[in-house]
Structure formats: C-alpha cells, structure tokens
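Text of target.cif, listed as mmCIF, C-alpha atoms:
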data_data
#
loop_
_atom_site.group_PDB
_atom_site.id
_atom_site.type_symbol
_atom_site.label_atom_id
_atom_site.label_comp_id
_atom_site.auth_asym_id
_atom_site.auth_seq_id
_atom_site.Cartn_x
_atom_site.Cartn_y
_atom_site.Cartn_z
ATOM 1 C CA MET O 1 87.816 95.434 107.367
ATOM 2 C CA SER O 2 89.225 98.653 108.805
ATOM 3 C CA ASP O 3 86.091 99.367 110.848
ATOM 4 C CA THR O 4 86.599 96.029 112.585
ATOM 5 C CA LEU O 5 90.012 97.154 113.785
ATOM 6 C CA SER O 6 90.868 99.952 116.133
ATOM 7 C CA ASP O 7 90.748 103.580 115.119
ATOM 8 C CA ASP O 8 94.508 103.825 115.748
ATOM 9 C CA ALA O 9 95.826 103.288 112.222
ATOM 10 C CA SER O 10 99.476 103.625 113.190
ATOM 11 C CA GLY O 11 99.578 100.122 114.634
ATOM 12 C CA GLY O 12 101.477 101.412 117.667
ATOM 13 C CA ASP O 13 104.892 101.071 116.011
ATOM 14 C CA ASP O 14 106.443 104.535 115.992
ATOM 15 C CA GLY O 15 108.504 105.230 112.895
ATOM 16 C CA GLN O 16 107.540 101.916 111.299
ATOM 17 C CA GLU O 17 105.077 102.399 108.443
ATOM 18 C CA ASP O 18 103.224 105.055 110.471
ATOM 19 C CA VAL O 19 100.823 105.737 107.586
ATOM 20 C CA MET O 20 99.678 102.127 107.205
ATOM 21 C CA THR O 21 96.020 101.580 108.032
ATOM 22 C CA PRO O 22 94.935 98.581 110.126
ATOM 23 C CA ALA O 23 93.375 96.971 107.037
ATOM 24 C CA GLU O 24 96.649 97.376 105.122
ATOM 25 C CA LEU O 25 98.544 95.867 108.053
ATOM 26 C CA ILE O 26 96.321 92.776 108.032
ATOM 27 C CA GLY O 27 96.746 92.582 104.248
ATOM 28 C CA LYS O 28 100.522 92.558 104.691
ATOM 29 C CA LEU O 29 100.172 89.756 107.230
ATOM 30 C CA GLU O 30 98.087 87.682 104.831
ATOM 31 C CA GLU O 31 100.639 88.197 102.045
ATOM 32 C CA ALA O 32 103.496 87.149 104.319
ATOM 33 C CA TRP O 33 101.464 84.135 105.487
ATOM 34 C CA LEU O 34 100.790 82.847 101.958
ATOM 35 C CA ASN O 35 104.384 83.406 100.849
ATOM 36 C CA GLU O 36 105.730 81.589 103.899
ATOM 37 C CA LYS O 37 103.197 78.790 103.582
ATOM 38 C CA PHE O 38 103.970 78.004 99.946
ATOM 39 C CA SER O 39 107.685 78.804 99.632
ATOM 40 C CA PRO O 40 110.068 75.857 100.108
ATOM 41 C CA GLU O 41 112.606 77.966 102.030
ATOM 42 C CA LEU O 42 112.412 80.167 105.104
ATOM 43 C CA LEU O 43 111.751 83.782 104.130
ATOM 44 C CA GLU O 44 112.797 87.025 105.795
ATOM 45 C CA ASN O 45 111.181 87.359 109.197
ATOM 46 C CA LYS O 46 108.383 89.885 109.726
ATOM 47 C CA SER O 47 108.530 90.073 113.510
ATOM 48 C CA GLU O 48 107.790 93.813 113.657
ATOM 49 C CA MET O 49 104.676 93.286 111.567
ATOM 50 C CA GLY O 50 103.595 90.468 113.875
ATOM 51 C CA GLU O 51 104.050 92.691 116.909
ATOM 52 C CA CYS O 52 101.908 95.400 115.281
ATOM 53 C CA VAL O 53 99.179 92.857 114.556
ATOM 54 C CA MET O 54 99.240 91.652 118.165
ATOM 55 C CA GLU O 55 98.848 95.255 119.346
ATOM 56 C CA GLN O 56 95.876 95.690 117.034
ATOM 57 C CA LEU O 57 94.315 92.456 118.315
ATOM 58 C CA THR O 58 94.706 93.654 121.905
ATOM 59 C CA HIS O 59 93.015 96.932 120.994
ATOM 60 C CA MET O 60 90.245 95.079 119.163
ATOM 61 C CA GLU O 61 89.638 92.847 122.210
ATOM 62 C CA ALA O 62 89.354 95.948 124.382
ATOM 63 C CA ASN O 63 86.877 97.547 121.952
ATOM 64 C CA LEU O 64 84.861 94.333 121.877
ATOM 65 C CA GLN O 65 84.347 94.517 125.641
ATOM 66 C CA ARG O 66 82.540 97.821 125.144
ATOM 67 C CA VAL O 67 80.063 96.405 122.617
ATOM 68 C CA ARG O 68 76.569 95.946 124.043
ATOM 69 C CA ARG O 69 75.734 92.325 124.869
ATOM 70 C CA GLY O 70 73.625 90.755 122.139
ATOM 71 C CA ASP O 71 74.755 93.232 119.481
ATOM 72 C CA VAL O 72 75.228 91.388 116.169
ATOM 73 C CA LYS O 73 78.396 93.422 115.608
ATOM 74 C CA ALA O 74 80.028 91.578 118.504
ATOM 75 C CA SER O 75 79.764 88.230 116.703
ATOM 76 C CA VAL O 76 81.138 89.678 113.469
ATOM 77 C CA HIS O 77 84.041 91.349 115.255
ATOM 78 C CA ARG O 78 84.787 88.179 117.236
ATOM 79 C CA MET O 79 84.960 86.130 114.035
ATOM 80 C CA GLU O 80 87.349 88.678 112.514
ATOM 81 C CA ILE O 81 89.581 88.572 115.591
ATOM 82 C CA ASP O 82 89.639 84.766 115.458
ATOM 83 C CA ARG O 83 90.430 84.844 111.727
ATOM 84 C CA ILE O 84 93.371 87.209 112.224
ATOM 85 C CA ARG O 85 94.680 85.123 115.132
ATOM 86 C CA PHE O 86 94.504 82.011 112.932
ATOM 87 C CA VAL O 87 96.470 83.685 110.121
ATOM 88 C CA LEU O 88 99.141 84.933 112.522
ATOM 89 C CA SER O 89 99.413 81.558 114.277
ATOM 90 C CA SER O 90 99.619 79.696 110.963
ATOM 91 C CA TYR O 91 102.327 82.085 109.737
ATOM 92 C CA LEU O 92 104.457 81.552 112.843
ATOM 93 C CA ARG O 93 103.808 77.799 112.796
ATOM 94 C CA SER O 94 104.969 77.540 109.176
ATOM 95 C CA ARG O 95 108.214 79.295 110.081
ATOM 96 C CA LEU O 96 108.867 77.036 113.074
ATOM 97 C CA GLN O 97 108.215 73.924 110.988
ATOM 98 C CA LYS O 98 110.793 75.059 108.440
ATOM 99 C CA ILE O 99 113.316 75.852 111.168
ATOM 100 C CA GLU O 100 112.866 72.365 112.615
ATOM 101 C CA LYS O 101 113.151 70.763 109.177
ATOM 102 C CA PHE O 102 116.143 72.741 107.883
ATOM 103 C CA PHE O 103 117.739 74.004 111.118
ATOM 104 C CA PRO O 104 121.448 73.622 110.194
ATOM 105 C CA HIS O 105 120.947 75.326 106.825
ATOM 106 C CA VAL O 106 118.847 78.085 108.391
ATOM 107 C CA LEU O 107 121.570 78.787 110.953
ATOM 108 C CA GLU O 108 124.298 78.674 108.320
ATOM 109 C CA LYS O 109 122.386 81.111 106.122
ATOM 110 C CA GLU O 110 121.884 83.462 109.052
ATOM 111 C CA LYS O 111 125.567 83.213 110.023
ATOM 112 C CA SER O 112 126.717 84.022 106.493
ATOM 113 C CA ARG O 113 124.374 87.009 106.205
ATOM 114 C CA VAL O 114 126.154 90.228 105.238
ATOM 115 C CA GLU O 115 125.961 92.923 107.907
ATOM 116 C CA GLY O 116 123.133 95.298 107.088
ATOM 117 C CA ASP O 117 121.080 92.703 105.206
ATOM 118 C CA PRO O 118 117.661 91.827 106.676
ATOM 119 C CA SER O 119 117.675 88.904 109.090
ATOM 120 C CA PHE O 120 115.891 85.685 108.210
ATOM 121 C CA LEU O 121 115.324 84.892 111.888
ATOM 122 C CA SER O 122 113.864 86.885 114.715
ATOM 123 C CA PRO O 123 115.903 86.820 117.960
ATOM 124 C CA GLU O 124 113.451 84.281 119.384
ATOM 125 C CA GLU O 125 113.633 82.084 116.282
ATOM 126 C CA PHE O 126 117.429 82.269 116.294
ATOM 127 C CA ALA O 127 117.532 81.136 119.928
ATOM 128 C CA PHE O 128 115.069 78.325 119.135
ATOM 129 C CA ALA O 129 117.135 77.142 116.134
ATOM 130 C CA LYS O 130 120.361 77.072 118.161
ATOM 131 C CA GLU O 131 118.700 75.165 120.998
ATOM 132 C CA TYR O 132 117.129 72.735 118.509
ATOM 133 C CA LEU O 133 120.549 72.083 116.957
ATOM 134 C CA ALA O 134 122.188 71.546 120.341
ATOM 135 C CA ASN O 135 119.422 69.190 121.515
ATOM 136 C CA THR O 136 119.563 67.193 118.272
ATOM 137 C CA GLU O 137 123.327 66.751 118.531
ATOM 138 C CA THR O 138 123.025 65.733 122.197
ATOM 139 C CA TYR O 139 120.314 63.200 121.366
ATOM 140 C CA LEU O 140 122.297 61.679 118.493
ATOM 141 C CA LYS O 141 125.370 61.294 120.677
ATOM 142 C CA ALA O 142 123.383 59.713 123.494
ATOM 143 C CA VAL O 143 121.431 57.156 121.469
ATOM 144 C CA ALA O 144 123.699 56.362 118.533
ATOM 145 C CA LEU O 145 127.049 58.056 118.029
ATOM 146 C CA LYS O 146 128.611 56.939 121.321
ATOM 147 C CA HIS O 147 128.052 53.326 120.253
ATOM 148 C CA MET O 148 129.807 53.848 116.917
ATOM 149 C CA PRO O 149 133.529 53.396 116.200
ATOM 150 C CA PRO O 150 135.587 56.473 117.177
ATOM 151 C CA ASN O 151 136.007 57.586 113.566
ATOM 152 C CA LEU O 152 132.219 57.636 113.119
ATOM 153 C CA GLN O 153 131.247 59.512 116.277
ATOM 154 C CA THR O 154 130.847 62.870 114.573
ATOM 155 C CA VAL O 155 128.193 63.970 112.115
ATOM 156 C CA ASP O 156 128.073 66.940 109.753
ATOM 157 C CA MET O 157 124.557 68.288 110.254
ATOM 158 C CA LEU O 158 124.710 70.320 107.043
ATOM 159 C CA LYS O 159 125.189 67.076 105.110
ATOM 160 C CA ALA O 160 122.875 64.984 107.248
ATOM 161 C CA VAL O 161 119.856 67.297 106.977
ATOM 162 C CA PRO O 162 118.407 67.893 103.482
ATOM 163 C CA GLU O 163 118.353 71.439 102.118
ATOM 164 C CA PRO O 164 115.150 73.173 100.981
ATOM 165 C CA CYS O 165 114.271 72.148 97.424
ATOM 166 C CA LEU O 166 114.382 75.433 95.537
ATOM 167 C CA ASP O 167 113.538 73.662 92.279
ATOM 168 C CA SER O 168 110.055 72.755 93.501
ATOM 169 C CA PHE O 169 107.171 74.308 91.575
ATOM 170 C CA VAL O 170 104.941 77.013 93.062
ATOM 171 C CA PHE O 171 101.832 78.871 91.935
ATOM 172 C CA LEU O 172 102.140 82.632 91.818
ATOM 173 C CA ARG O 173 100.234 85.780 90.931
ATOM 174 C CA VAL O 174 102.127 88.691 89.384
ATOM 175 C CA ARG O 175 101.740 92.034 91.149
ATOM 176 C CA GLU O 176 104.310 94.020 89.157
ATOM 177 C CA ARG O 177 105.115 93.399 85.495
ATOM 178 C CA GLN O 178 108.405 91.565 85.035
ATOM 179 C CA GLU O 179 110.395 91.183 81.821
ATOM 180 C CA ASN O 180 113.029 88.684 80.766
ATOM 181 C CA ILE O 181 112.601 86.277 83.656
ATOM 182 C CA LEU O 182 115.019 83.403 83.130
ATOM 183 C CA VAL O 183 113.452 79.942 83.135
ATOM 184 C CA GLU O 184 115.288 76.635 82.889
ATOM 185 C CA PRO O 185 112.999 73.913 81.575
ATOM 186 C CA GLU O 186 113.579 70.224 82.132
ATOM 187 C CA THR O 187 114.985 69.268 78.725
ATOM 188 C CA ASP O 188 117.944 67.165 77.688
ATOM 189 C CA ASP O 189 120.013 70.126 76.582
ATOM 190 C CA GLN O 190 118.739 72.445 79.360
ATOM 191 C CA ARG O 191 118.347 75.366 76.934
ATOM 192 C CA GLU O 192 117.669 78.636 78.702
ATOM 193 C CA TYR O 193 114.874 81.001 77.725
ATOM 194 C CA VAL O 194 113.159 84.037 79.181
ATOM 195 C CA VAL O 195 109.499 84.981 79.699
ATOM 196 C CA ASP O 196 107.590 88.159 80.527
ATOM 197 C CA LEU O 197 105.140 88.163 83.440
ATOM 198 C CA ASP O 198 102.113 90.448 83.089
ATOM 199 C CA VAL O 199 100.326 92.031 86.047
ATOM 200 C CA ASP O 200 97.578 89.807 87.568
ATOM 201 C CA SER O 201 98.651 86.823 85.468
ATOM 202 C CA GLN O 202 99.057 83.487 87.257
ATOM 203 C CA HIS O 203 101.812 80.971 86.637
ATOM 204 C CA LEU O 204 103.270 77.672 87.778
ATOM 205 C CA MET O 205 107.058 78.042 87.898
ATOM 206 C CA ARG O 206 110.154 76.804 89.668
ATOM 207 C CA TYR O 207 110.607 78.647 92.931
ATOM 208 C CA ARG O 208 114.300 79.254 92.218
ATOM 209 C CA ALA O 209 113.430 81.363 89.161
ATOM 210 C CA ILE O 210 111.170 83.763 91.054
ATOM 211 C CA ALA O 211 112.609 83.689 94.599
ATOM 212 C CA PRO O 212 113.969 87.268 94.367
ATOM 213 C CA LEU O 213 110.556 88.459 93.140
ATOM 214 C CA VAL O 214 108.871 86.917 96.176
ATOM 215 C CA SER O 215 111.274 88.774 98.476
ATOM 216 C CA SER O 216 110.691 92.082 96.690
ATOM 217 C CA GLY O 217 106.900 91.653 96.658
ATOM 218 C CA ALA O 218 106.696 91.676 92.849
ATOM 219 C CA VAL O 219 104.907 88.313 92.899
ATOM 220 C CA GLN O 220 102.618 86.663 95.443
ATOM 221 C CA LEU O 221 102.598 82.918 96.058
ATOM 222 C CA ILE O 222 99.116 81.416 96.024
#
Produce structure tokens that represent the structure in this file.
Amino acid sequence: MSDTLSDDASGGDDGQEDVMTPAELIGKLEEAWLNEKFSPELLENKSEMGECVMEQLTHMEANLQRVRRGDVKASVHRMEIDRIRFVLSSYLRSRLQKIEKFFPHVLEKEKSRVEGDPSFLSPEEFAFAKEYLANTETYLKAVALKHMPPNLQTVDMLKAVPEPCLDSFVFLRVRERQENILVEPETDDQREYVVDLDVDSQHLMRYRAIAPLVSSGAVQLI
C-alpha cells in the first residue's frame, strides 16, 4: 500500500510519530475505525491521526494529477484514495452518531477527565456536543416542558438519555497475550473467574471486561 501513498513517510506531523510510514498510518486509521465502529462507548479521539491522513490524501491527489492519462495505475490509485476516504468518513460518522446518542454522558465524561489524561473529544466534537445539548434543551422547553406544571419543567439529561451499554458483547482479536482477565458470566451466583487470552485468538466477550485492552491496543475489535 505504501507505494500508493506519497513518498513523504512522516505524514507531515512534526514530532508526532515521525518514523511512521504512510502504510502504517493507514493501518492505524483502520484499527481506530473498527474499534470505534464496534465499541458501545465513545473512544479516545484520534484527531491528529485524522489530520495526518488528510494530508496524505491531499498529497496522493496531487501525485495522481501527474499520472499519464489512461495509465492503469491511475485507476488503482483512485480506488485506494476512495477507500481511505470511506474509512476516514465512516470513522468520523461513527463518533458523531455516538455523540448524538449519548451527548450528556459524553460531556460529563469529558468534564470529569483528570488533567493530563487524553481527551475523548476533539475541540470540534466538544463544540458540537455542547451545541447539540443546548439545542435539545431548547427544543424540549419549546415543545413540551413549558406546557407542563412548574415542578415538571426541568429535565435531568443524564437520567433522560440512556448510557452506553458496556455489558454488550463484542468480537475481538488478541494482539498481545493477556493473563488473568476477569470475566463475569451470567449465572445465578455471579461467580467470578479469569481467562488467558493468547495472541491471534478470537473471542466473544463483554465489552466491559476488555475495555482497557481496547484503549491500550492489546486487543482489536472485529
């Protein structure tokens, strides 16, 4: 794939993974896309990675203009550009859909984030979530709450909007061996037990049990 991308392997992001090749950058995008697509909660934002991919796409478009008309390479390169654009668009769309679905919880999680911890929202996503919350509250007041008795004219959005279901099951592939992973099966006595996850093995597990492993990159959702 690297020959389809530009020869500038740095991705144009000084000081940010300056040894990453273009092919590795696209691989990181695909990993982030699958994790975001299949996880029930909003994951840490990868805005810097997205910006690097956009820079690579711009460079690829420029290189494509220099390809001789009718060259079969042009069609192959165009398909690769379209594929990368689809992955990036789908990744961003998945994040926006989660923000719209869980906006009060997303904002609360971002607000309670410890200083120095990675942000779950990009500045643009944070602005979108705040505006979405404000517009929702304005709409509810205009069409419903103002017609209610005074003691019912307020609504707690955190209680009104469901939280992400972290107990939903997800498929995953193990990238780094993990030992003593705690699993809580659905049994009457809820007895706890642990399992080991071997490299390249695939499993169906509760998301809650492996959420930290998704964040660290030890497992990949599929």
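Using all atoms listed in the file for every distance, the candidate list O:Leu96, O:Ile81, O:Leu29, O:Val195 yields O:Val195 as the residue closest to O:Gln178.
Between atom CA of O:Thr154 and atom CA of O:Phe128 there is a distance of 22.6 Å.
Restricting the calculation to all atoms listed in the file, the smallest distance between O:Cys52 and any of O:Asp156, O:His105, O:Leu121, O:Leu88 is found for O:Leu88.
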- Message: Can you pull out the residues contacting O:Cys165? Cut-off 10 Å, using only C-alpha atoms, and skip same-chain residues under 3 positions away; I want them as a PyMOL selection string.
- Response: chain O and resi 39-41+162+168-169+206-208
- Item | Explicit residue set for the PyMOL selection byres ((chain O and resi 129) around 10), as a list of chain:residue names | O:Leu96, O:Ile99, O:Glu100, O:Phe102, O:Phe103, O:Pro104, O:Val106, O:Leu107, O:Leu121, O:Pro123, O:Glu124, O:Glu125, O:Phe126, O:Ala127, O:Phe128, O:Lys130, O:Glu131, O:Tyr132, O:Leu133, O:Ala134, O:Asn135
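The list of residues within 12 Å of (93.1, 77.8, 108.9), counted using all atoms listed in the file, is Glu30, Trp33, Leu34, Lys37, Asp82, Arg83, Ile84, Arg85, Phe86, Val87, Leu88, Ser89, Ser90, Tyr91, Arg93 and Ser94 of chain O.
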Evaluate the PyMOL selection byres ((chain O and resi 216) around 12) here and jot the selected residues down as a CSV table (one decimal) with C-alpha atoms, in the coordinates of the input.
chain,number,residue,atom,x,y,z
O,32,ALA,CA,103.5,87.1,104.3
O,35,ASN,CA,104.4,83.4,100.8
O,43,LEU,CA,111.8,83.8,104.1
O,44,GLU,CA,112.8,87.0,105.8
O,174,VAL,CA,102.1,88.7,89.4
O,175,ARG,CA,101.7,92.0,91.1
O,176,GLU,CA,104.3,94.0,89.2
O,178,GLN,CA,108.4,91.6,85.0
O,210,ILE,CA,111.2,83.8,91.1
O,211,ALA,CA,112.6,83.7,94.6
O,212,PRO,CA,114.0,87.3,94.4
O,213,LEU,CA,110.6,88.5,93.1
O,214,VAL,CA,108.9,86.9,96.2
O,215,SER,CA,111.3,88.8,98.5
O,217,GLY,CA,106.9,91.7,96.7
O,218,ALA,CA,106.7,91.7,92.8
O,219,VAL,CA,104.9,88.3,92.9
O,220,GLN,CA,102.6,86.7,95.4
Output check: residues returned by the PyMOL selection byres ((chain O and resi 171) around 9), as an mmCIF file with C-alpha atoms, in the frame of the given file:
data_model
loop_
_atom_site.group_PDB
_atom_site.id
_atom_site.type_symbol
_atom_site.label_atom_id
_atom_site.label_comp_id
_atom_site.auth_asym_id
_atom_site.auth_seq_id
_atom_site.Cartn_x
_atom_site.Cartn_y
_atom_site.Cartn_z
ATOM 1 C CA PHE O 38 103.970 78.004 99.946
ATOM 2 C CA PHE O 169 107.171 74.308 91.575
ATOM 3 C CA VAL O 170 104.941 77.013 93.062
ATOM 4 C CA LEU O 172 102.140 82.632 91.818
ATOM 5 C CA ARG O 173 100.234 85.780 90.931
ATOM 6 C CA GLN O 202 99.057 83.487 87.257
ATOM 7 C CA HIS O 203 101.812 80.971 86.637
ATOM 8 C CA LEU O 204 103.270 77.672 87.778
ATOM 9 C CA MET O 205 107.058 78.042 87.898
ATOM 10 C CA ARG O 206 110.154 76.804 89.668
ATOM 11 C CA TYR O 207 110.607 78.647 92.931
ATOM 12 C CA GLN O 220 102.618 86.663 95.443
ATOM 13 C CA LEU O 221 102.598 82.918 96.058
ATOM 14 C CA ILE O 222 99.116 81.416 96.024
#
- State, in Å with one decimal place, the distance from atom CA of O:Gly27 to atom CA of O:Arg68.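 According to the coordinates, atom CA of O:Gly27 and atom CA of O:Arg68 are separated by 28.5 Å.
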